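Pasting query.cif here (mmCIF, C-alpha atoms and all ligand atoms):
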data_my_file
#
loop_
_atom_site.group_PDB
_atom_site.id
_atom_site.type_symbol
_atom_site.label_atom_id
_atom_site.label_comp_id
_atom_site.auth_asym_id
_atom_site.auth_seq_id
_atom_site.Cartn_x
_atom_site.Cartn_y
_atom_site.Cartn_z
ATOM 1 C CA MET A 20 15.415 63.525 35.395
ATOM 2 C CA SER A 21 11.636 63.006 35.528
ATOM 3 C CA ASN A 22 9.704 61.425 32.671
ATOM 4 C CA ASN A 23 8.126 64.787 31.911
ATOM 5 C CA GLU A 24 11.512 66.468 31.696
ATOM 6 C CA GLU A 25 12.790 63.733 29.409
ATOM 7 C CA GLU A 26 9.737 64.059 27.167
ATOM 8 C CA ALA A 27 10.196 67.846 27.050
ATOM 9 C CA LEU A 28 13.831 67.345 25.993
ATOM 10 C CA VAL A 29 12.851 64.934 23.238
ATOM 11 C CA ASP A 30 10.086 67.324 22.092
ATOM 12 C CA ASN A 31 12.551 70.209 21.949
ATOM 13 C CA ARG A 32 14.989 68.141 19.940
ATOM 14 C CA ASP A 33 12.225 67.204 17.488
ATOM 15 C CA ILE A 34 11.177 70.825 17.118
ATOM 16 C CA GLY A 35 14.827 71.733 16.420
ATOM 17 C CA ARG A 36 15.070 69.024 13.765
ATOM 18 C CA GLN A 37 11.823 70.081 12.150
ATOM 19 C CA LYS A 38 12.992 73.703 11.966
ATOM 20 C CA ASP A 39 16.303 72.511 10.480
ATOM 21 C CA ALA A 40 14.338 70.443 7.961
ATOM 22 C CA ALA A 41 12.008 73.294 6.991
ATOM 23 C CA ILE A 42 14.953 75.632 6.336
ATOM 24 C CA ALA A 43 16.798 72.897 4.385
ATOM 25 C CA ILE A 44 13.770 72.418 2.136
ATOM 26 C CA LYS A 45 13.586 76.188 1.555
ATOM 27 C CA ILE A 46 17.309 76.375 0.719
ATOM 28 C CA ALA A 47 16.981 73.494 -1.731
ATOM 29 C CA SER A 48 13.901 75.020 -3.357
ATOM 30 C CA GLU A 49 15.961 78.101 -4.204
ATOM 31 C CA LEU A 50 18.774 76.147 -5.846
ATOM 32 C CA THR A 51 19.048 76.631 -9.543
ATOM 33 C CA ASP A 52 19.032 73.171 -10.894
ATOM 34 C CA ASP A 53 18.296 72.180 -14.428
ATOM 35 C CA LEU A 54 18.943 68.481 -13.991
ATOM 36 C CA GLU A 55 16.010 67.105 -12.120
ATOM 37 C CA ILE A 56 16.256 63.362 -12.069
ATOM 38 C CA VAL A 57 19.182 61.003 -11.932
ATOM 39 C CA SER A 58 18.469 58.872 -14.913
ATOM 40 C CA ASP A 59 20.694 56.321 -16.584
ATOM 41 C CA GLU A 60 21.144 58.968 -19.250
ATOM 42 C CA LEU A 61 22.470 61.517 -16.735
ATOM 43 C CA ILE A 62 24.840 59.013 -15.203
ATOM 44 C CA ARG A 63 26.246 58.330 -18.649
ATOM 45 C CA THR A 64 26.806 62.029 -19.395
ATOM 46 C CA HIS A 65 28.364 62.982 -16.047
ATOM 47 C CA GLU A 66 31.887 61.915 -15.428
ATOM 48 C CA LEU A 67 31.979 59.274 -12.709
ATOM 49 C CA LYS A 68 34.917 59.620 -10.348
ATOM 50 C CA MET A 69 34.005 56.971 -7.873
ATOM 51 C CA GLU A 70 31.297 54.386 -7.558
ATOM 52 C CA THR A 71 30.252 51.643 -5.196
ATOM 53 C CA ILE A 72 28.624 48.576 -6.653
ATOM 54 C CA ASP A 73 26.488 46.422 -4.389
ATOM 55 C CA LEU A 74 28.671 47.301 -1.399
ATOM 56 C CA SER A 75 27.892 45.502 1.858
ATOM 57 C CA HIS A 76 29.809 45.801 5.102
ATOM 58 C CA TRP A 77 29.936 43.656 8.228
ATOM 59 C CA TYR A 78 31.519 44.127 11.655
ATOM 60 C CA GLY A 79 31.895 40.518 12.809
ATOM 61 C CA ASP A 80 28.550 38.985 11.851
ATOM 62 C CA LYS A 81 26.638 42.252 12.143
ATOM 63 C CA ARG A 82 25.768 43.607 8.720
ATOM 64 C CA VAL A 83 25.715 47.412 8.737
ATOM 65 C CA LEU A 84 25.621 48.201 4.995
ATOM 66 C CA SER A 85 23.515 46.288 2.482
ATOM 67 C CA GLY A 86 24.097 46.391 -1.259
ATOM 68 C CA ILE A 87 24.897 50.083 -1.689
ATOM 69 C CA SER A 88 25.330 51.166 -5.326
ATOM 70 C CA LEU A 89 26.158 54.849 -5.406
ATOM 71 C CA PRO A 90 27.786 56.987 -8.104
ATOM 72 C CA MET A 91 29.981 59.934 -7.092
ATOM 73 C CA PHE A 92 30.535 62.428 -9.880
ATOM 74 C CA LYS A 93 33.727 64.300 -10.647
ATOM 75 C CA ASN A 94 33.864 67.922 -9.429
ATOM 76 C CA ARG A 95 30.575 67.521 -7.609
ATOM 77 C CA VAL A 96 29.671 67.375 -3.929
ATOM 78 C CA THR A 97 27.746 64.284 -2.831
ATOM 79 C CA ALA A 98 26.127 64.455 0.609
ATOM 80 C CA ILE A 99 25.244 61.401 2.657
ATOM 81 C CA ILE A 100 22.449 61.902 5.154
ATOM 82 C CA GLY A 101 20.591 59.581 7.501
ATOM 83 C CA ALA A 102 19.923 58.887 11.167
ATOM 84 C CA SER A 103 22.684 58.106 13.634
ATOM 85 C CA GLY A 104 24.014 54.565 13.267
ATOM 86 C CA CYS A 105 22.715 54.052 9.697
ATOM 87 C CA GLY A 106 26.252 53.428 8.381
ATOM 88 C CA LYS A 107 27.320 56.788 6.917
ATOM 89 C CA SER A 108 30.806 56.841 8.467
ATOM 90 C CA THR A 109 31.334 53.165 7.714
ATOM 91 C CA PHE A 110 30.477 53.818 4.071
ATOM 92 C CA LEU A 111 32.813 56.823 3.894
ATOM 93 C CA ARG A 112 35.671 54.854 5.453
ATOM 94 C CA ASP A 113 35.126 52.032 2.955
ATOM 95 C CA LEU A 114 35.856 54.562 0.210
ATOM 96 C CA ASN A 115 39.531 54.888 1.184
ATOM 97 C CA ARG A 116 39.946 51.551 2.967
ATOM 98 C CA MET A 117 40.226 53.128 6.396
ATOM 99 C CA ASN A 118 38.167 50.215 7.739
ATOM 100 C CA ASP A 119 41.046 47.857 6.858
ATOM 101 C CA LEU A 120 42.416 48.864 10.259
ATOM 102 C CA ILE A 121 39.430 47.237 12.022
ATOM 103 C CA SER A 122 39.996 43.506 12.281
ATOM 104 C CA SER A 123 36.283 42.572 12.479
ATOM 105 C CA ALA A 124 35.408 44.603 9.365
ATOM 106 C CA ARG A 125 34.622 42.796 6.109
ATOM 107 C CA ILE A 126 33.087 43.967 2.853
ATOM 108 C CA ALA A 127 31.465 42.493 -0.226
ATOM 109 C CA GLY A 128 30.896 44.275 -3.510
ATOM 110 C CA GLN A 129 33.128 46.793 -5.207
ATOM 111 C CA VAL A 130 34.443 50.310 -4.773
ATOM 112 C CA LEU A 131 35.664 51.731 -8.073
ATOM 113 C CA LEU A 132 37.954 54.727 -8.436
ATOM 114 C CA ASP A 133 38.247 55.809 -12.069
ATOM 115 C CA GLY A 134 36.832 52.382 -12.889
ATOM 116 C CA GLN A 135 39.437 50.441 -10.886
ATOM 117 C CA ASP A 136 38.560 48.328 -7.858
ATOM 118 C CA ILE A 137 40.333 49.824 -4.829
ATOM 119 C CA TYR A 138 40.053 46.481 -3.009
ATOM 120 C CA ALA A 139 41.987 44.656 -5.728
ATOM 121 C CA LYS A 140 45.048 42.773 -4.474
ATOM 122 C CA ASP A 141 47.655 44.893 -6.252
ATOM 123 C CA ILE A 142 46.426 48.248 -4.904
ATOM 124 C CA ASP A 143 49.091 50.357 -3.180
ATOM 125 C CA LEU A 144 47.374 51.626 -0.025
ATOM 126 C CA ASN A 145 49.688 54.618 0.458
ATOM 127 C CA GLN A 146 49.022 55.719 -3.067
ATOM 128 C CA LEU A 147 45.280 55.199 -2.613
ATOM 129 C CA ARG A 148 45.145 57.321 0.546
ATOM 130 C CA LYS A 149 47.153 59.996 -1.245
ATOM 131 C CA ARG A 150 44.459 60.090 -3.932
ATOM 132 C CA ILE A 151 41.590 60.088 -1.428
ATOM 133 C CA GLY A 152 42.021 62.473 1.503
ATOM 134 C CA MET A 153 39.840 62.552 4.576
ATOM 135 C CA VAL A 154 38.754 65.210 7.072
ATOM 136 C CA PHE A 155 37.171 64.102 10.320
ATOM 137 C CA GLN A 156 34.501 65.380 12.674
ATOM 138 C CA LYS A 157 36.916 66.673 15.271
ATOM 139 C CA PRO A 158 39.858 68.709 13.984
ATOM 140 C CA ASN A 159 42.946 66.549 14.549
ATOM 141 C CA PRO A 160 46.059 68.567 13.639
ATOM 142 C CA PHE A 161 49.379 66.930 14.455
ATOM 143 C CA GLY A 162 51.085 68.312 17.570
ATOM 144 C CA MET A 163 53.669 70.156 15.493
ATOM 145 C CA SER A 164 53.963 73.574 13.836
ATOM 146 C CA ILE A 165 51.366 74.866 11.398
ATOM 147 C CA GLN A 166 53.821 74.604 8.490
ATOM 148 C CA ASN A 167 54.977 71.103 9.404
ATOM 149 C CA ASN A 168 51.384 69.861 9.509
ATOM 150 C CA ILE A 169 51.270 70.624 5.810
ATOM 151 C CA ALA A 170 54.828 69.642 4.926
ATOM 152 C CA TYR A 171 54.461 66.241 6.606
ATOM 153 C CA GLY A 172 52.538 64.503 3.784
ATOM 154 C CA PRO A 173 54.785 65.795 0.974
ATOM 155 C CA TYR A 174 57.833 64.799 3.099
ATOM 156 C CA VAL A 175 56.521 61.245 3.515
ATOM 157 C CA HIS A 176 55.879 61.058 -0.211
ATOM 158 C CA GLY A 177 59.463 62.080 -1.003
ATOM 159 C CA ILE A 178 58.881 65.640 -2.254
ATOM 160 C CA LYS A 179 62.040 67.788 -2.116
ATOM 161 C CA GLU A 180 62.269 70.147 0.862
ATOM 162 C CA ASP A 181 62.791 73.253 -1.227
ATOM 163 C CA GLU A 182 59.284 72.731 -2.600
ATOM 164 C CA PHE A 183 57.736 72.925 0.878
ATOM 165 C CA PRO A 184 57.299 76.732 1.219
ATOM 166 C CA LYS A 185 55.387 76.852 -2.071
ATOM 167 C CA ILE A 186 53.192 73.895 -1.100
ATOM 168 C CA ILE A 187 52.515 75.320 2.377
ATOM 169 C CA GLU A 188 51.422 78.677 0.996
ATOM 170 C CA SER A 189 49.297 77.249 -1.770
ATOM 171 C CA CYS A 190 47.473 74.762 0.494
ATOM 172 C CA LEU A 191 46.864 77.380 3.172
ATOM 173 C CA ARG A 192 45.526 79.758 0.520
ATOM 174 C CA LYS A 193 43.209 77.092 -0.867
ATOM 175 C CA ALA A 194 41.957 76.386 2.659
ATOM 176 C CA VAL A 195 41.395 80.151 3.154
ATOM 177 C CA LEU A 196 43.727 80.199 6.159
ATOM 178 C CA TRP A 197 46.831 81.874 4.725
ATOM 179 C CA THR A 198 46.185 85.479 5.788
ATOM 180 C CA GLU A 199 45.312 84.370 9.327
ATOM 181 C CA VAL A 200 48.498 82.333 9.877
ATOM 182 C CA LYS A 201 51.158 83.571 7.453
ATOM 183 C CA ASP A 202 53.022 85.396 10.242
ATOM 184 C CA ARG A 203 52.971 82.464 12.656
ATOM 185 C CA LEU A 204 53.742 79.414 10.526
ATOM 186 C CA GLY A 205 56.209 78.127 13.137
ATOM 187 C CA ASP A 206 53.641 78.220 15.979
ATOM 188 C CA THR A 207 52.117 74.987 17.165
ATOM 189 C CA ALA A 208 48.949 74.040 15.300
ATOM 190 C CA LEU A 209 47.299 73.439 18.648
ATOM 191 C CA SER A 210 47.316 77.214 19.254
ATOM 192 C CA LEU A 211 44.732 77.708 16.490
ATOM 193 C CA SER A 212 40.977 78.024 17.106
ATOM 194 C CA GLY A 213 38.749 75.013 16.366
ATOM 195 C CA GLY A 214 37.618 76.452 13.024
ATOM 196 C CA GLN A 215 41.196 77.318 12.051
ATOM 197 C CA GLN A 216 42.342 73.822 13.053
ATOM 198 C CA GLN A 217 39.691 72.307 10.803
ATOM 199 C CA ARG A 218 40.813 74.485 7.871
ATOM 200 C CA LEU A 219 44.406 73.427 8.628
ATOM 201 C CA CYS A 220 43.280 69.786 8.435
ATOM 202 C CA ILE A 221 41.741 70.548 5.044
ATOM 203 C CA ALA A 222 45.003 72.252 3.946
ATOM 204 C CA ARG A 223 46.888 69.187 5.177
ATOM 205 C CA ALA A 224 44.594 66.904 3.171
ATOM 206 C CA LEU A 225 45.288 69.034 0.067
ATOM 207 C CA SER A 226 49.070 68.912 0.527
ATOM 208 C CA VAL A 227 49.464 65.546 -1.205
ATOM 209 C CA GLU A 228 47.327 66.591 -4.189
ATOM 210 C CA PRO A 229 44.365 64.278 -3.667
ATOM 211 C CA GLU A 230 41.619 63.791 -6.230
ATOM 212 C CA ILE A 231 38.808 63.149 -3.765
ATOM 213 C CA ILE A 232 38.179 64.574 -0.311
ATOM 214 C CA LEU A 233 35.927 62.766 2.155
ATOM 215 C CA PHE A 234 34.420 64.833 4.962
ATOM 216 C CA ASP A 235 32.817 63.121 7.954
ATOM 217 C CA GLU A 236 30.649 65.738 9.676
ATOM 218 C CA PRO A 237 33.408 68.351 9.397
ATOM 219 C CA CYS A 238 31.449 71.111 11.118
ATOM 220 C CA SER A 239 29.793 69.324 13.994
ATOM 221 C CA SER A 240 32.241 70.683 16.577
ATOM 222 C CA LEU A 241 32.287 74.222 15.120
ATOM 223 C CA ASP A 242 30.271 77.376 15.752
ATOM 224 C CA PRO A 243 28.051 78.841 12.986
ATOM 225 C CA HIS A 244 30.703 81.343 11.861
ATOM 226 C CA ALA A 245 33.411 78.669 11.466
ATOM 227 C CA THR A 246 30.830 76.361 9.849
ATOM 228 C CA ALA A 247 29.980 78.987 7.227
ATOM 229 C CA LYS A 248 33.679 79.300 6.338
ATOM 230 C CA ILE A 249 34.079 75.545 5.894
ATOM 231 C CA GLU A 250 30.917 75.350 3.792
ATOM 232 C CA ASP A 251 32.149 78.146 1.494
ATOM 233 C CA LEU A 252 35.423 76.329 1.238
ATOM 234 C CA ILE A 253 33.789 73.017 0.285
ATOM 235 C CA THR A 254 31.854 74.770 -2.465
ATOM 236 C CA LYS A 255 35.130 76.166 -3.813
ATOM 237 C CA LEU A 256 37.008 72.880 -3.487
ATOM 238 C CA LYS A 257 34.710 71.085 -5.895
ATOM 239 C CA GLU A 258 36.128 73.126 -8.766
ATOM 240 C CA GLU A 259 39.285 71.059 -8.380
ATOM 241 C CA TYR A 260 38.278 67.998 -6.389
ATOM 242 C CA THR A 261 35.461 65.508 -5.993
ATOM 243 C CA VAL A 262 33.850 65.800 -2.567
ATOM 244 C CA VAL A 263 31.799 63.371 -0.466
ATOM 245 C CA ILE A 264 30.408 64.740 2.783
ATOM 246 C CA VAL A 265 28.543 63.034 5.608
ATOM 247 C CA THR A 266 26.386 65.464 7.508
ATOM 248 C CA HIS A 267 23.702 65.385 10.162
ATOM 249 C CA ASN A 268 22.725 68.896 9.277
ATOM 250 C CA MET A 269 20.195 68.914 6.472
ATOM 251 C CA GLN A 270 20.614 72.630 5.848
ATOM 252 C CA GLN A 271 24.276 71.937 5.246
ATOM 253 C CA ALA A 272 23.465 69.152 2.786
ATOM 254 C CA ALA A 273 21.079 71.505 0.974
ATOM 255 C CA ARG A 274 23.638 74.324 0.925
ATOM 256 C CA VAL A 275 26.776 72.509 -0.183
ATOM 257 C CA SER A 276 25.837 69.424 -2.151
ATOM 258 C CA ASP A 277 24.864 68.729 -5.737
ATOM 259 C CA TYR A 278 23.692 65.187 -5.012
ATOM 260 C CA THR A 279 22.261 63.656 -1.862
ATOM 261 C CA ALA A 280 22.121 60.021 -0.793
ATOM 262 C CA PHE A 281 19.723 59.125 2.007
ATOM 263 C CA PHE A 282 20.673 56.052 4.024
ATOM 264 C CA ASN A 283 18.509 54.194 6.514
ATOM 265 C CA LEU A 284 19.550 51.140 8.536
ATOM 266 C CA GLY A 285 22.442 50.374 6.205
ATOM 267 C CA GLU A 286 20.444 50.719 2.995
ATOM 268 C CA LEU A 287 20.514 53.403 0.340
ATOM 269 C CA ILE A 288 16.909 54.521 0.285
ATOM 270 C CA GLU A 289 17.194 57.276 -2.302
ATOM 271 C CA PHE A 290 19.834 59.077 -4.325
ATOM 272 C CA ASN A 291 19.222 62.063 -6.528
ATOM 273 C CA ARG A 292 19.998 65.691 -7.234
ATOM 274 C CA THR A 293 19.926 67.531 -3.899
ATOM 275 C CA LYS A 294 17.156 69.799 -5.066
ATOM 276 C CA LYS A 295 14.989 66.841 -5.995
ATOM 277 C CA ILE A 296 15.646 65.004 -2.702
ATOM 278 C CA PHE A 297 14.631 68.056 -0.677
ATOM 279 C CA SER A 298 11.728 69.206 -2.839
ATOM 280 C CA SER A 299 10.019 66.088 -4.141
ATOM 281 C CA PRO A 300 11.632 62.865 -2.969
ATOM 282 C CA GLU A 301 10.330 59.676 -4.540
ATOM 283 C CA ARG A 302 10.234 57.598 -1.368
ATOM 284 C CA LYS A 303 7.964 58.255 1.593
ATOM 285 C CA MET A 304 10.748 57.436 4.038
ATOM 286 C CA THR A 305 12.979 60.142 2.516
ATOM 287 C CA GLU A 306 10.165 62.646 2.772
ATOM 288 C CA GLU A 307 9.636 61.756 6.441
ATOM 289 C CA TYR A 308 13.354 62.083 7.188
ATOM 290 C CA ILE A 309 13.916 65.368 5.396
ATOM 291 C CA SER A 310 10.841 66.872 6.993
ATOM 292 C CA GLY A 311 12.312 66.019 10.397
ATOM 293 C CA ARG A 312 9.798 63.356 11.385
ATOM 294 C CA PHE A 313 12.462 60.857 12.389
ATOM 295 C CA GLY A 314 16.187 60.626 12.913
HETATM 296 N N1 LIG B 401 34.349 49.322 14.822
HETATM 297 C C1 LIG B 401 33.088 48.896 14.913
HETATM 298 N N2 LIG B 401 32.820 47.644 15.394
HETATM 299 C C2 LIG B 401 31.558 47.203 15.465
HETATM 300 N N3 LIG B 401 30.469 47.915 15.098
HETATM 301 C C3 LIG B 401 30.677 49.158 14.634
HETATM 302 C C4 LIG B 401 31.995 49.723 14.511
HETATM 303 N N4 LIG B 401 31.887 50.967 14.003
HETATM 304 C C5 LIG B 401 30.563 51.181 13.815
HETATM 305 N N5 LIG B 401 29.838 50.110 14.195
HETATM 306 C C6 LIG B 401 28.363 49.950 14.108
HETATM 307 O O1 LIG B 401 27.995 50.060 12.739
HETATM 308 C C7 LIG B 401 26.772 50.783 12.593
HETATM 309 C C8 LIG B 401 27.015 51.963 11.675
HETATM 310 O O2 LIG B 401 27.919 52.859 12.333
HETATM 311 P P1 LIG B 401 28.431 54.198 11.658
HETATM 312 O O3 LIG B 401 29.418 54.806 12.576
HETATM 313 O O4 LIG B 401 28.848 53.900 10.275
HETATM 314 O O5 LIG B 401 27.071 55.053 11.621
HETATM 315 P P2 LIG B 401 26.830 56.604 11.294
HETATM 316 O O6 LIG B 401 25.677 56.643 10.349
HETATM 317 O O7 LIG B 401 28.093 57.246 10.886
HETATM 318 O O8 LIG B 401 26.336 57.180 12.713
HETATM 319 P P3 LIG B 401 26.539 58.650 13.354
HETATM 320 O O9 LIG B 401 25.601 59.553 12.592
HETATM 321 O O10 LIG B 401 26.131 58.481 14.780
HETATM 322 O O11 LIG B 401 27.996 59.041 13.197
HETATM 323 C C9 LIG B 401 26.347 51.161 14.007
HETATM 324 O O12 LIG B 401 25.421 50.212 14.440
HETATM 325 C C10 LIG B 401 27.631 51.090 14.799
HETATM 326 O O13 LIG B 401 27.371 50.774 16.141
HETATM 327 MG MG MG B 402 29.284 58.776 11.736
#

Just dump the structure as structure tokens.
Ligand SMILES: Nc1ncnc2c1ncn2[C@@H]1O[C@H](COP(=O)(O)OP(=O)(O)OP(=O)(O)O)[C@@H](O)[C@H]1O
Ligand SMILES: [Mg+2]
Amino acid sequence: MSNNEEEALVDNRDIGRQKDAAIAIKIASELTDDLEIVSDELIRTHELKMETIDLSHWYGDKRVLSGISLPMFKNRVTAIIGASGCGKSTFLRDLNRMNDLISSARIAGQVLLDGQDIYAKDIDLNQLRKRIGMVFQKPNPFGMSIQNNIAYGPYVHGIKEDEFPKIIESCLRKAVLWTEVKDRLGDTALSLSGGQQQRLCIARALSVEPEIILFDEPCSSLDPHATAKIEDLITKLKEEYTVVIVTHNMQQAARVSDYTAFFNLGELIEFNRTKKIFSSPERKMTEEYISGRFG
């Protein structure tokens, strides 16, 4: 590829980002939002579900998160935005101790769930992951039937088998997948479309009755139609659950979230109501990012 072609590609990508940013700002400006600024007062009146306090994260001796203190409110959607590599997925995985599986990973600071430190010595990891479900970028259903994908979690947690049909139906209904699959529950999950597979993964996450659901770019492999379904679903889920979503797509953050945290190079640059972040951010760097000037 010639230099000119490369430059043209980069220019096109920037134009795409700037369009995305302009639409995101418009969406946010139309949000009805009576709570403008996250003040200490607001934090006291909202119910905190989860919170990180001065959370830092290292892989080996490379520090990738620095002193992140972020509240996540009950029955609200918190979006995490920021350029690639800024630590969004690492942060999300610290929230349910998924990074424990990486031997070079180390953290300092605290992650509190209902006020309790999830890194405390006596924490039961199975119980923790039951309380905090996760949905990944690429749909990853198990290679088994649709119904068994959902029954698997309850089975592992010792729920009686005669409860399974009720759980399967209720989770599939909540994930807005029931009518599409109710006549083929025994088919392999791998026969579903990408968007259906992602909704199945959400249904699977719901099957163990979590309190929090973490989404790491759940729509990035989906087409706009499937994306719209997942976004509607996330908006509905917050009635029952607390949601944290990492997204590259600023329009998505503006559409689905109540609060937005902007990360850059492992630091939390700004956190506020989504409307405020997209309409009048306090920091210049946030303004530059949300207007598509970098990232
Ligand atoms: N297992 C790992 N070992 C070492 N370094 C890692 C590991 N996982 C991530 N990193 C590094 O940590 C930093 C943050 O990565 P992370 O995946 O959290 O970023 P991100 O914001 O989610 O990026 P993206 O938007 O591209 O998904 C990056 O520099 C990345 O290379
Ligand atoms: Mg990531």

What lies within 10 Å of Gly104 in chain A using all atoms listed in the file, ignoring chain neighbours under 4 positions off, as a PyMOL selection string? chain A and resi 83+108-109+282-285+314

Once you count all atoms listed in the file, which residues end up within 9 Å of ligand MG 402 (chain B), and could you hand them over as number ranges by chain? A: 103-109, 111, 156, 235-236, 265-267

Could you state the separation of CA of Phe110 in chain A and CA of Arg302 in chain A in Å, given to one decimal place? 21.3 Å

Measure the distance from CA of Pro158 in chain A to CA of Gly214 in chain A in Å and round it to one decimal.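 Separating CA of Pro158 in chain A from CA of Gly214 in chain A is a distance of 8.1 Å.
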
Given the file shown, enumerate the residues that the PyMOL selection byres (((chain A and resi 79-81) around 12) and not hetatm) captures and present them as a list in words.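 Selected by the PyMOL selection byres (((chain A and resi 79-81) around 12) and not hetatm) in this file: Ser75, His76, Trp77, Tyr78, Arg82, Val83, Leu84, Ser85, Gly106, Ile121, Ser122, Ser123, Ala124, Arg125, Ile126, Leu284 and Gly285 of chain A.
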
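Interatomic distance, CA of Thr305 in chain A to CA of Gln37 in chain A: 13.9 Å.
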
Need the shell around Ile309 in chain A: protein/DNA/RNA residues with any atom at most 9 Å away, counting all atoms listed in the file. Skip same-chain ones fewer than 6 positions apart. Format as a list of chain:residue names?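 Residues meeting the cut-off are A:Gln37, A:Ala40, A:Ala41, A:Ala43, A:Ile44, A:Met269, A:Ile296, A:Phe297.
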
Run the PyMOL selection byres (((chain A and resi 247) around 12) and not hetatm) against the file shown and list the residues it catches, as a PyMOL selection string. chain A and resi 214+218+237-239+241-246+248-254+270-271+274-275

Find, counting all atoms listed in the file, the residue in A:Glu188, A:Asp39, A:Asp119, A:Glu70 that gets nearest to ligand LIG 401 (chain B).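 Closest residue, counting all atoms listed in the file: A:Asp119.
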